[in-house]
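*Asks:* Contents of final38.csv (CSV, C-alpha atoms):
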```
chain,number,residue,atom,x,y,z
H,7,MET,CA,12.1,13.6,20.7
H,8,MET,CA,12.9,11.8,17.5
H,9,ILE,CA,10.6,9.1,16.1
H,10,ILE,CA,12.5,5.8,15.3
H,11,CYS,CA,12.3,5.3,11.6
H,12,ASP,CA,13.7,3.1,8.8
H,13,ASP,CA,15.9,5.4,6.7
H,14,THR,CA,16.1,2.7,4.0
H,15,GLU,CA,12.4,3.4,3.3
H,16,TYR,CA,11.1,6.3,1.3
H,17,VAL,CA,7.3,5.9,1.8
H,18,TRP,CA,6.4,7.5,5.1
H,19,ALA,CA,3.8,4.8,6.0
H,20,GLN,CA,6.7,2.3,5.9
H,21,LYS,CA,9.5,4.5,7.1
H,22,TYR,CA,7.6,5.4,10.3
H,23,ARG,CA,5.8,2.1,10.8
H,24,PRO,CA,5.7,1.4,14.6
H,25,LYS,CA,8.0,-1.4,15.6
H,26,THR,CA,6.4,-2.5,18.8
H,27,ILE,CA,2.9,-2.9,20.1
H,28,ASP,CA,3.5,-0.2,22.6
H,29,ASP,CA,4.1,2.2,19.7
H,30,CYS,CA,1.0,1.2,17.8
H,31,ILE,CA,-2.0,3.5,17.9
H,32,LEU,CA,-4.7,1.1,19.0
H,33,PRO,CA,-7.6,1.1,21.5
H,34,GLU,CA,-6.3,0.4,25.0
H,35,HIS,CA,-8.3,-2.8,25.4
H,36,THR,CA,-6.9,-4.2,22.2
H,37,LYS,CA,-3.3,-3.2,23.0
H,38,SER,CA,-3.6,-4.6,26.5
H,39,MET,CA,-4.9,-7.9,25.3
H,40,ILE,CA,-2.2,-8.4,22.7
H,41,LYS,CA,0.5,-7.3,25.2
H,42,LYS,CA,-0.6,-10.0,27.6
H,43,HIS,CA,-0.1,-12.7,25.0
H,44,ILE,CA,3.4,-11.2,24.1
H,45,ASP,CA,4.4,-11.1,27.8
H,46,SER,CA,3.4,-14.7,28.2
H,47,GLY,CA,5.8,-15.7,25.4
H,48,GLU,CA,3.0,-17.5,23.5
H,49,ILE,CA,0.5,-16.1,21.1
H,50,PRO,CA,-2.6,-17.8,19.6
H,51,HIS,CA,-3.5,-17.7,15.9
H,52,PHE,CA,-4.9,-14.3,15.3
H,53,LEU,CA,-7.5,-12.9,12.8
H,54,PHE,CA,-7.3,-9.1,12.6
H,55,ILE,CA,-10.4,-7.6,11.1
H,56,GLY,CA,-10.8,-3.9,10.1
H,57,GLY,CA,-10.8,-1.3,7.3
H,58,PRO,CA,-7.8,-0.2,5.3
H,59,GLY,CA,-5.0,1.6,7.1
H,60,CYS,CA,-6.2,1.0,10.6
H,61,GLY,CA,-3.1,-0.8,11.8
H,62,LYS,CA,-3.8,-4.5,11.3
H,63,THR,CA,-0.6,-5.4,9.4
H,64,THR,CA,1.5,-3.0,11.6
H,65,ALA,CA,0.2,-4.8,14.7
H,66,ALA,CA,1.1,-8.2,13.2
H,67,TYR,CA,4.7,-7.1,12.5
H,68,ALA,CA,4.9,-5.5,15.9
H,69,ILE,CA,4.0,-8.8,17.6
H,70,ALA,CA,6.7,-10.6,15.7
H,71,ASN,CA,9.3,-7.8,16.6
H,72,ASP,CA,8.3,-7.9,20.2
H,73,ILE,CA,8.7,-11.7,20.4
H,74,GLY,CA,11.8,-11.7,18.2
H,75,CYS,CA,10.7,-14.7,16.2
H,76,ASP,CA,11.2,-15.8,12.6
H,77,VAL,CA,8.4,-14.3,10.4
H,78,LEU,CA,7.1,-14.9,6.9
H,79,TYR,CA,4.9,-12.2,5.2
H,80,VAL,CA,2.6,-13.3,2.5
H,81,ASN,CA,0.2,-11.0,0.6
H,82,ALA,CA,-2.7,-13.5,0.4
H,83,SER,CA,-4.6,-11.5,-2.2
H,84,LEU,CA,-1.7,-12.1,-4.6
H,85,GLU,CA,-0.7,-15.6,-3.6
H,86,ASN,CA,-4.1,-17.0,-3.1
H,87,GLY,CA,-4.1,-20.5,-4.6
H,88,ILE,CA,-3.9,-24.0,-3.1
H,89,ASP,CA,-0.3,-24.4,-4.4
H,90,MET,CA,0.8,-21.5,-2.2
H,91,LEU,CA,0.0,-23.6,0.9
H,92,ARG,CA,2.6,-26.2,-0.1
H,93,THR,CA,5.2,-24.0,-1.6
H,94,THR,CA,5.1,-21.1,0.9
H,95,PHE,CA,3.2,-21.7,4.1
H,96,GLN,CA,3.9,-25.4,4.7
H,97,SER,CA,7.6,-25.2,3.9
H,98,PHE,CA,8.1,-22.3,6.3
H,99,ALA,CA,5.9,-23.7,9.1
H,100,SER,CA,7.4,-27.2,9.0
H,101,THR,CA,11.0,-26.2,9.6
H,102,VAL,CA,12.5,-25.6,13.0
H,103,SER,CA,12.9,-22.0,14.1
H,104,LEU,CA,16.4,-20.6,14.2
H,105,SER,CA,15.4,-18.4,17.1
H,106,ASP,CA,14.9,-19.5,20.7
H,107,SER,CA,12.3,-16.7,21.3
H,108,GLY,CA,9.2,-18.6,20.5
H,109,PRO,CA,7.2,-20.0,17.6
H,110,LYS,CA,7.5,-18.8,14.0
H,111,ILE,CA,4.8,-16.4,12.7
H,112,ILE,CA,3.2,-16.3,9.3
H,113,ILE,CA,1.5,-13.1,8.5
H,114,GLY,CA,-1.3,-13.8,5.9
H,115,ASP,CA,-2.1,-10.3,4.9
H,116,GLU,CA,-5.5,-9.6,3.1
H,117,ALA,CA,-6.6,-13.2,3.9
H,118,ASP,CA,-10.1,-12.4,2.6
H,119,GLY,CA,-8.5,-12.6,-0.8
H,120,LEU,CA,-7.6,-16.3,-0.4
H,121,SER,CA,-9.5,-18.8,-2.5
H,122,GLY,CA,-12.0,-21.1,-0.8
H,123,ALA,CA,-9.7,-24.1,-1.5
H,124,ALA,CA,-6.7,-22.3,0.1
H,125,GLN,CA,-8.7,-21.4,3.1
H,126,GLY,CA,-9.9,-25.0,3.5
H,127,GLY,CA,-6.3,-26.2,3.4
H,128,LEU,CA,-5.2,-23.6,5.9
H,129,LYS,CA,-7.3,-24.9,8.7
H,130,SER,CA,-5.4,-28.2,8.8
H,131,LEU,CA,-2.0,-26.4,8.6
H,132,GLN,CA,-3.1,-24.3,11.7
H,133,GLU,CA,-3.5,-27.5,13.7
H,134,GLN,CA,-0.7,-29.5,12.1
H,135,PHE,CA,2.1,-27.0,12.9
H,136,SER,CA,0.6,-25.2,15.9
H,137,LYS,CA,3.6,-26.2,18.1
H,138,ASN,CA,6.0,-24.6,15.8
H,139,CYS,CA,4.2,-21.8,14.0
H,140,ARG,CA,1.4,-19.3,14.5
H,141,PHE,CA,-0.7,-17.6,11.8
H,142,ILE,CA,-1.8,-13.9,12.0
H,143,PHE,CA,-4.4,-13.2,9.3
H,144,THR,CA,-5.6,-9.8,8.4
H,145,ALA,CA,-8.8,-9.1,6.5
H,146,ASN,CA,-11.1,-6.2,5.6
H,147,HIS,CA,-14.2,-8.4,5.5
H,148,ARG,CA,-14.8,-11.0,8.2
H,149,HIS,CA,-17.6,-12.8,6.3
H,150,LYS,CA,-15.1,-13.7,3.5
H,151,ILE,CA,-13.1,-15.8,6.0
H,152,ILE,CA,-14.5,-19.3,6.4
H,153,ASP,CA,-15.9,-20.3,9.9
H,154,PRO,CA,-13.3,-23.1,10.5
H,155,ILE,CA,-10.5,-20.6,10.3
H,156,GLN,CA,-12.3,-18.1,12.5
H,157,SER,CA,-13.0,-20.7,15.1
H,158,ARG,CA,-9.2,-21.5,15.2
H,159,CYS,CA,-8.2,-17.9,15.7
H,160,THR,CA,-8.5,-15.2,18.3
H,161,VAL,CA,-10.5,-12.7,16.3
H,162,VAL,CA,-9.7,-9.0,17.0
H,163,ASN,CA,-11.9,-6.3,15.5
H,164,PHE,CA,-9.8,-3.2,14.8
H,165,ALA,CA,-12.9,-1.0,14.4
H,166,ILE,CA,-12.6,2.1,16.6
H,167,GLY,CA,-15.6,2.8,18.8
H,168,ASN,CA,-16.8,6.3,19.5
H,169,ALA,CA,-15.3,6.3,22.9
H,170,ASP,CA,-11.8,5.8,21.5
H,171,LYS,CA,-12.0,8.0,18.4
H,172,SER,CA,-11.0,11.3,19.8
H,173,LYS,CA,-8.2,9.8,21.9
H,174,LEU,CA,-6.6,7.9,19.0
H,175,ALA,CA,-7.0,10.8,16.6
H,176,ALA,CA,-5.2,13.0,19.1
H,177,GLU,CA,-2.5,10.5,19.5
H,178,PHE,CA,-2.0,10.1,15.7
H,179,PHE,CA,-2.0,13.9,15.4
H,180,ARG,CA,0.9,14.2,17.8
H,181,ARG,CA,2.8,11.5,15.9
H,182,VAL,CA,2.1,13.2,12.5
H,183,LYS,CA,3.4,16.5,13.8
H,184,LYS,CA,6.7,14.8,14.9
H,185,ILE,CA,7.0,13.2,11.5
H,186,LEU,CA,6.5,16.5,9.7
H,187,GLU,CA,9.1,18.1,12.0
H,188,GLN,CA,11.5,15.3,11.5
H,189,GLU,CA,11.1,15.6,7.7
H,190,LYS,CA,11.5,19.4,8.0
H,191,ILE,CA,8.1,20.2,6.5
H,192,GLU,CA,6.3,23.4,7.4
H,193,TYR,CA,2.7,22.8,8.4
H,194,ASP,CA,-0.5,24.4,9.5
H,195,ALA,CA,-1.7,22.3,12.5
H,196,LYS,CA,-5.4,23.0,11.8
H,197,ILE,CA,-5.0,21.7,8.3
H,198,VAL,CA,-3.2,18.6,9.5
H,199,ALA,CA,-5.9,18.0,12.0
H,200,GLU,CA,-8.6,18.4,9.4
H,201,LEU,CA,-6.9,15.9,7.0
H,202,ILE,CA,-6.7,13.4,9.9
H,203,LYS,CA,-10.4,13.9,10.5
H,204,ILE,CA,-11.3,13.4,6.8
H,205,ASN,CA,-9.3,10.1,6.6
H,206,PHE,CA,-9.7,8.7,10.1
H,207,PRO,CA,-9.2,5.9,11.0
H,208,ASP,CA,-7.1,5.3,7.9
H,209,PHE,CA,-3.6,6.2,9.2
H,210,ARG,CA,-1.8,5.0,6.1
H,211,LYS,CA,-3.8,7.1,3.7
H,212,THR,CA,-3.3,10.2,5.9
H,213,LEU,CA,0.5,9.7,5.8
H,214,ASN,CA,0.4,9.1,2.1
H,215,GLU,CA,-1.6,12.3,1.5
H,216,LEU,CA,0.8,14.3,3.7
H,217,GLN,CA,3.8,13.0,1.9
H,218,ARG,CA,2.3,13.7,-1.5
H,219,TYR,CA,1.5,17.3,-0.6
H,220,SER,CA,4.7,17.8,1.3
H,221,THR,CA,6.7,17.9,-1.9
H,222,THR,CA,6.0,21.7,-1.9
H,223,GLY,CA,7.7,21.9,1.5
H,224,LYS,CA,4.6,23.1,3.2
H,225,ILE,CA,1.2,21.7,4.3
H,226,ASP,CA,-1.4,24.4,4.2
H,227,ALA,CA,-5.1,25.0,3.3
H,228,GLY,CA,-4.5,24.4,-0.4
H,229,ILE,CA,-4.4,20.6,0.1
H,230,LEU,CA,-8.0,20.5,1.4
H,231,ILE,CA,-9.3,22.1,-1.8
H,232,ASN,CA,-7.3,19.5,-3.8
H,233,LEU,CA,-8.7,16.7,-1.8
H,234,THR,CA,-12.3,17.6,-2.3
H,235,ASP,CA,-12.0,18.4,-6.0
H,236,ASP,CA,-9.8,15.6,-7.0
H,237,ALA,CA,-11.1,12.7,-5.0
H,238,PHE,CA,-14.9,13.1,-5.7
H,239,LYS,CA,-15.0,14.7,-9.2
H,240,GLU,CA,-15.4,11.4,-11.0
H,241,LEU,CA,-18.1,10.2,-8.6
H,242,ILE,CA,-20.1,13.3,-9.0
H,243,THR,CA,-19.8,13.1,-12.8
H,244,GLY,CA,-21.0,9.5,-12.7
H,245,LEU,CA,-24.0,10.4,-10.6
H,246,LYS,CA,-25.0,13.3,-12.9
H,247,GLN,CA,-24.7,11.0,-15.9
H,248,LYS,CA,-26.5,8.2,-14.1
H,249,ASN,CA,-23.6,6.0,-15.2
H,250,PHE,CA,-23.6,3.0,-12.9
H,251,ALA,CA,-20.4,1.5,-14.3
H,252,THR,CA,-18.5,4.7,-13.5
H,253,ILE,CA,-19.9,4.8,-10.0
H,254,ARG,CA,-19.3,1.1,-9.3
H,255,LYS,CA,-15.7,1.4,-10.5
H,256,TRP,CA,-15.0,4.6,-8.5
H,257,ILE,CA,-16.3,3.1,-5.2
H,258,ALA,CA,-14.2,-0.1,-5.7
H,259,LYS,CA,-11.1,2.0,-6.6
H,260,ASN,CA,-11.6,4.2,-3.6
H,261,SER,CA,-12.4,1.6,-1.0
H,262,ASP,CA,-10.0,3.3,1.4
H,263,ILE,CA,-12.4,6.3,1.6
H,264,GLU,CA,-14.9,5.7,4.4
H,265,ASP,CA,-18.5,5.7,3.3
H,266,THR,CA,-19.4,8.3,5.9
H,267,VAL,CA,-16.9,10.6,4.2
H,268,ILE,CA,-18.7,10.1,0.9
H,269,TYR,CA,-22.1,10.8,2.5
H,270,ARG,CA,-20.7,13.9,4.2
H,271,MET,CA,-19.2,15.2,1.0
H,272,LEU,CA,-22.6,14.9,-0.9
H,273,PHE,CA,-24.4,16.6,2.1
H,274,ASP,CA,-21.9,19.5,2.2
H,275,LYS,CA,-21.9,20.0,-1.6
H,276,ALA,CA,-25.6,19.3,-2.1
H,277,SER,CA,-26.5,22.9,-3.1
H,278,THR,CA,-23.9,22.8,-6.0
H,279,ILE,CA,-24.9,19.3,-7.3
H,280,PHE,CA,-28.7,18.8,-6.8
H,281,THR,CA,-31.7,21.0,-7.4
H,282,SER,CA,-33.2,22.5,-4.3
H,283,GLN,CA,-36.3,20.4,-4.5
H,284,SER,CA,-34.2,17.2,-4.4
H,285,ILE,CA,-32.0,18.1,-1.4
H,286,PRO,CA,-34.6,16.9,1.3
H,287,GLN,CA,-34.8,13.5,-0.5
H,288,LEU,CA,-31.0,13.3,-0.7
H,289,ILE,CA,-30.7,14.0,3.1
H,290,LEU,CA,-33.2,11.2,3.9
H,291,ILE,CA,-31.2,8.8,1.6
H,292,LEU,CA,-27.9,9.7,3.2
H,293,ALA,CA,-29.3,9.4,6.7
H,294,ASP,CA,-30.8,5.9,5.9
H,295,TYR,CA,-27.7,4.4,4.4
H,296,GLY,CA,-25.4,6.1,7.0
H,297,TYR,CA,-27.4,4.3,9.6
H,298,LYS,CA,-27.3,1.0,7.8
H,299,SER,CA,-23.5,1.4,7.4
H,300,GLY,CA,-23.1,0.6,11.1
H,301,PHE,CA,-24.1,-3.0,10.8
H,302,VAL,CA,-24.2,-4.1,7.1
H,303,VAL,CA,-22.0,-7.1,6.1
H,304,ASP,CA,-20.4,-5.4,3.1
H,305,LYS,CA,-20.1,-1.6,3.3
H,306,GLU,CA,-19.1,-1.4,-0.4
H,307,VAL,CA,-22.4,-2.9,-1.5
H,308,ASN,CA,-24.3,-0.6,0.9
H,309,THR,CA,-22.5,2.5,-0.6
H,310,VAL,CA,-23.2,1.4,-4.2
H,311,ALA,CA,-26.9,0.9,-3.2
H,312,ALA,CA,-27.0,4.5,-1.8
H,313,MET,CA,-25.6,5.9,-5.0
H,314,VAL,CA,-28.1,4.0,-7.1
H,315,GLU,CA,-31.0,5.4,-5.0
H,316,ILE,CA,-29.6,8.9,-5.3
H,317,MET,CA,-29.4,8.5,-9.1
H,318,SER,CA,-32.9,7.3,-9.3
H,319,SER,CA,-34.6,9.7,-6.8
H,320,CYS,CA,-32.7,13.0,-7.1
H,321,THR,CA,-32.6,15.6,-9.8
H,322,PHE,CA,-29.2,17.1,-10.6
H,323,GLN,CA,-28.3,20.7,-11.7
```
Show the structure stored in the file as structure tokens.
*Replies:*
Amino acid sequence: MMIICDDTEYVWAQKYRPKTIDDCILPEHTKSMIKKHIDSGEIPHFLFIGGPGCGKTTAAYAIANDIGCDVLYVNASLENGIDMLRTTFQSFASTVSLSDSGPKIIIGDEADGLSGAAQGGLKSLQEQFSKNCRFIFTANHRHKIIDPIQSRCTVVNFAIGNADKSKLAAEFFRRVKKILEQEKIEYDAKIVAELIKINFPDFRKTLNELQRYSTTGKIDAGILINLTDDAFKELITGLKQKNFATIRKWIAKNSDIEDTVIYRMLFDKASTIFTSQSIPQLILILADYGYKSGFVVDKEVNTVAAMVEIMSSCTFQ
């Protein structure tokens, strides 16, 4: 069975982006809730919260496709000033839809990048044009969205619970295999599964990595060696040199890498990085910050703090 794709796109994450909610890889309770709104012909303002690549923007587009309405996409991290409200959001929201299939939709992607003034102005637009237009905001960090916007939206957390992880990973694995077969790329199923495990739940990064390594025409064990060596070399160097600026920059640049993946890498490679006397202390630090990761407000700050404690408490080879 062929996967529907957009042949005008080259990047796999865009080319094979699901077009409907049914095709999205989401926890069943999340998918069911969104489908009920679509089936009713009306949707609320949404705020989708979750890490990079977990399907927030894809779900927003899928809603618009399922309803068949007029849609405006805005990268709010780039167009984040108060003028954007008047020149972009307001002009689109205030005009009558050319479609009879429901209200217009504005997708405000990366809305946590909006300035405070812009967010303050948005709350009045949500009410002023609610009969004609709905807003779907996506954000990595809920705490960066002001409370008045949150209270006007149905907030959906795209975090994947332990009960759903294996099911969704398996579903994504099946889809990835179909993509590789459709692109005529040879692959080792065990290596593909391992790559998904490393990046999960960042579906976008997994597809980007697969496309990058597929240029050789084959996905095999060699890519895992490259992933480990290339991705973490700069971080390990920064730790050994106790260079805070390098570490802070690396973590910000690689925000799409889950903190748990970083902790696991340090644990797995501990014997080649740290002295034997320091490894027990390293394990205690990783366990502590891994636990905190489950409920901290900002995971990036938590990860930086973990690296600072490792630098100050552990001895390197």
*Asks:* Provide the atom CA of Arg181 of chain H to atom CA of Ile9 of chain H distance in Å, to one decimal place.
*Replies:* 8.2 Å
*Asks:* Name all residues at most 8 Å from segment 107-123 of chain H (count only C-alpha atoms; drop same-chain ones fewer than 3 positions away) and give them as a ChimeraX atom specification.
*Replies:* /H:47-48,63,66-67,70,73-88,95,99,103,126-127,137-148,150-152
*Asks:* Could you please take those selected residues and save C-alpha atoms as a JSON list (two decimals), keeping the file's coordinate frame?
*Replies:*
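Listed below is the output, result_19.json:
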```json
[["chain", "number", "residue", "atom", "x", "y", "z"],
["H", 47, "GLY", "CA", 5.80, -15.70, 25.40],
["H", 48, "GLU", "CA", 3.00, -17.50, 23.50],
["H", 63, "THR", "CA", -0.60, -5.40, 9.40],
["H", 66, "ALA", "CA", 1.10, -8.20, 13.20],
["H", 67, "TYR", "CA", 4.70, -7.10, 12.50],
["H", 70, "ALA", "CA", 6.70, -10.60, 15.70],
["H", 73, "ILE", "CA", 8.70, -11.70, 20.40],
["H", 74, "GLY", "CA", 11.80, -11.70, 18.20],
["H", 75, "CYS", "CA", 10.70, -14.70, 16.20],
["H", 76, "ASP", "CA", 11.20, -15.80, 12.60],
["H", 77, "VAL", "CA", 8.40, -14.30, 10.40],
["H", 78, "LEU", "CA", 7.10, -14.90, 6.90],
["H", 79, "TYR", "CA", 4.90, -12.20, 5.20],
["H", 80, "VAL", "CA", 2.60, -13.30, 2.50],
["H", 81, "ASN", "CA", 0.20, -11.00, 0.60],
["H", 82, "ALA", "CA", -2.70, -13.50, 0.40],
["H", 83, "SER", "CA", -4.60, -11.50, -2.20],
["H", 84, "LEU", "CA", -1.70, -12.10, -4.60],
["H", 85, "GLU", "CA", -0.70, -15.60, -3.60],
["H", 86, "ASN", "CA", -4.10, -17.00, -3.10],
["H", 87, "GLY", "CA", -4.10, -20.50, -4.60],
["H", 88, "ILE", "CA", -3.90, -24.00, -3.10],
["H", 95, "PHE", "CA", 3.20, -21.70, 4.10],
["H", 99, "ALA", "CA", 5.90, -23.70, 9.10],
["H", 103, "SER", "CA", 12.90, -22.00, 14.10],
["H", 126, "GLY", "CA", -9.90, -25.00, 3.50],
["H", 127, "GLY", "CA", -6.30, -26.20, 3.40],
["H", 137, "LYS", "CA", 3.60, -26.20, 18.10],
["H", 138, "ASN", "CA", 6.00, -24.60, 15.80],
["H", 139, "CYS", "CA", 4.20, -21.80, 14.00],
["H", 140, "ARG", "CA", 1.40, -19.30, 14.50],
["H", 141, "PHE", "CA", -0.70, -17.60, 11.80],
["H", 142, "ILE", "CA", -1.80, -13.90, 12.00],
["H", 143, "PHE", "CA", -4.40, -13.20, 9.30],
["H", 144, "THR", "CA", -5.60, -9.80, 8.40],
["H", 145, "ALA", "CA", -8.80, -9.10, 6.50],
["H", 146, "ASN", "CA", -11.10, -6.20, 5.60],
["H", 147, "HIS", "CA", -14.20, -8.40, 5.50],
["H", 148, "ARG", "CA", -14.80, -11.00, 8.20],
["H", 150, "LYS", "CA", -15.10, -13.70, 3.50],
["H", 151, "ILE", "CA", -13.10, -15.80, 6.00],
["H", 152, "ILE", "CA", -14.50, -19.30, 6.40]]
```
*Asks:* Set the distance at 12 Å and use only C-alpha atoms: which residues neighbour segment 249-251 of chain H once local chain neighbours fewer than 3 positions away are removed? I'd like the list as a list in words.
*Replies:*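 Once the adjacent positions are removed, what remains is Glu240, Leu241, Ile242, Thr243, Gly244, Leu245, Lys246, Arg254, Lys255, Trp256, Ile257, Ala258, Val310, Ala311, Ala312, Met313, Val314, Glu315, Ile316, Met317 and Ser318 of chain H.
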*Asks:* For Thr101 of chain H, which residue out of H:Phe135, H:Gly57, H:Ile166, H:Cys320 is the nearest one, using all atoms listed in the file?
*Replies:* H:Phe135
*Asks:* Please identify all polymer residues within 10 Å of Ile263 of chain H, counting only C-alpha atoms, omitting same-chain residues fewer than 4 positions from it, and present them as a list of chain:residue names.
*Replies:* H:Gly57, H:Pro58, H:Ile204, H:Asn205, H:Phe206, H:Pro207, H:Asp208, H:Lys211, H:Ala237, H:Ile257, H:Ala258, H:Lys259, H:Val267, H:Ile268
*Asks:* Of the residues H:Gly300, H:Lys190, H:Ala195, H:Val182, which is the one nearest to Thr212 of chain H, using all atoms listed in the file?
*Replies:*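 The answer is H:Val182, which sits nearest to Thr212 of chain H.
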*Asks:* Find the residues around Cys11 of chain H up to 8 Å (all atoms listed in the file counted), leave out those fewer than 5 positions away in its own chain, and share them as a ChimeraX atom specification.
*Replies:* /H:21-23
*Asks:* Please list as a PyMOL selection string every residue within 12 Å of Lys42 of chain H, counting only C-alpha atoms and excluding residues in the same chain fewer than 6 positions away.
*Replies:* chain H and resi 27-28+35-36+48-50+69+72-73
*Asks:* Could those residues be written to a file, using C-alpha atoms, as an mmCIF file, in the coordinates of the input?
*Replies:*
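Here's the written file result_38.cif:
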```cif
data_model
loop_
_atom_site.group_PDB
_atom_site.id
_atom_site.type_symbol
_atom_site.label_atom_id
_atom_site.label_comp_id
_atom_site.auth_asym_id
_atom_site.auth_seq_id
_atom_site.Cartn_x
_atom_site.Cartn_y
_atom_site.Cartn_z
ATOM 1 C CA ILE H 27 2.900 -2.900 20.100
ATOM 2 C CA ASP H 28 3.500 -0.200 22.600
ATOM 3 C CA HIS H 35 -8.300 -2.800 25.400
ATOM 4 C CA THR H 36 -6.900 -4.200 22.200
ATOM 5 C CA GLU H 48 3.000 -17.500 23.500
ATOM 6 C CA ILE H 49 0.500 -16.100 21.100
ATOM 7 C CA PRO H 50 -2.600 -17.800 19.600
ATOM 8 C CA ILE H 69 4.000 -8.800 17.600
ATOM 9 C CA ASP H 72 8.300 -7.900 20.200
ATOM 10 C CA ILE H 73 8.700 -11.700 20.400
#
```
*Asks:* Nearest residue to Ser136 of chain H out of H:Arg158, H:Lys62, H:Arg218, H:His43, using all atoms listed in the file?
*Replies:*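 Ranking H:Arg158, H:Lys62, H:Arg218, H:His43 by distance to Ser136 of chain H, first place goes to H:Arg158.
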*Asks:* Which residue, H:Leu213, H:Glu200, H:Asn71, H:Gln283, has the smallest gap to Pro24 of chain H when you use only C-alpha atoms?
*Replies:*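 Using only C-alpha atoms, the shortest distance to Pro24 of chain H belongs to H:Asn71.
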*Asks:* Mind giving me the straight-line distance from atom CA of Gln217 of chain H to atom CA of Leu186 of chain H in Å, one decimal?
*Replies:* 9.0 Å
*Asks:* Measure the distance from atom CA of Leu201 of chain H to atom CA of Glu215 of chain H in Å and round it to one decimal.
*Replies:*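 A separation of 8.4 Å between them.
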*Asks:* Of the candidates H:Ile10, H:Ile155, H:Ile289, H:Val162, which shows the shortest atom-to-atom distance to Ala65 of chain H, using all atoms listed in the file?
*Replies:*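 The closest residue to Ala65 of chain H is H:Val162.
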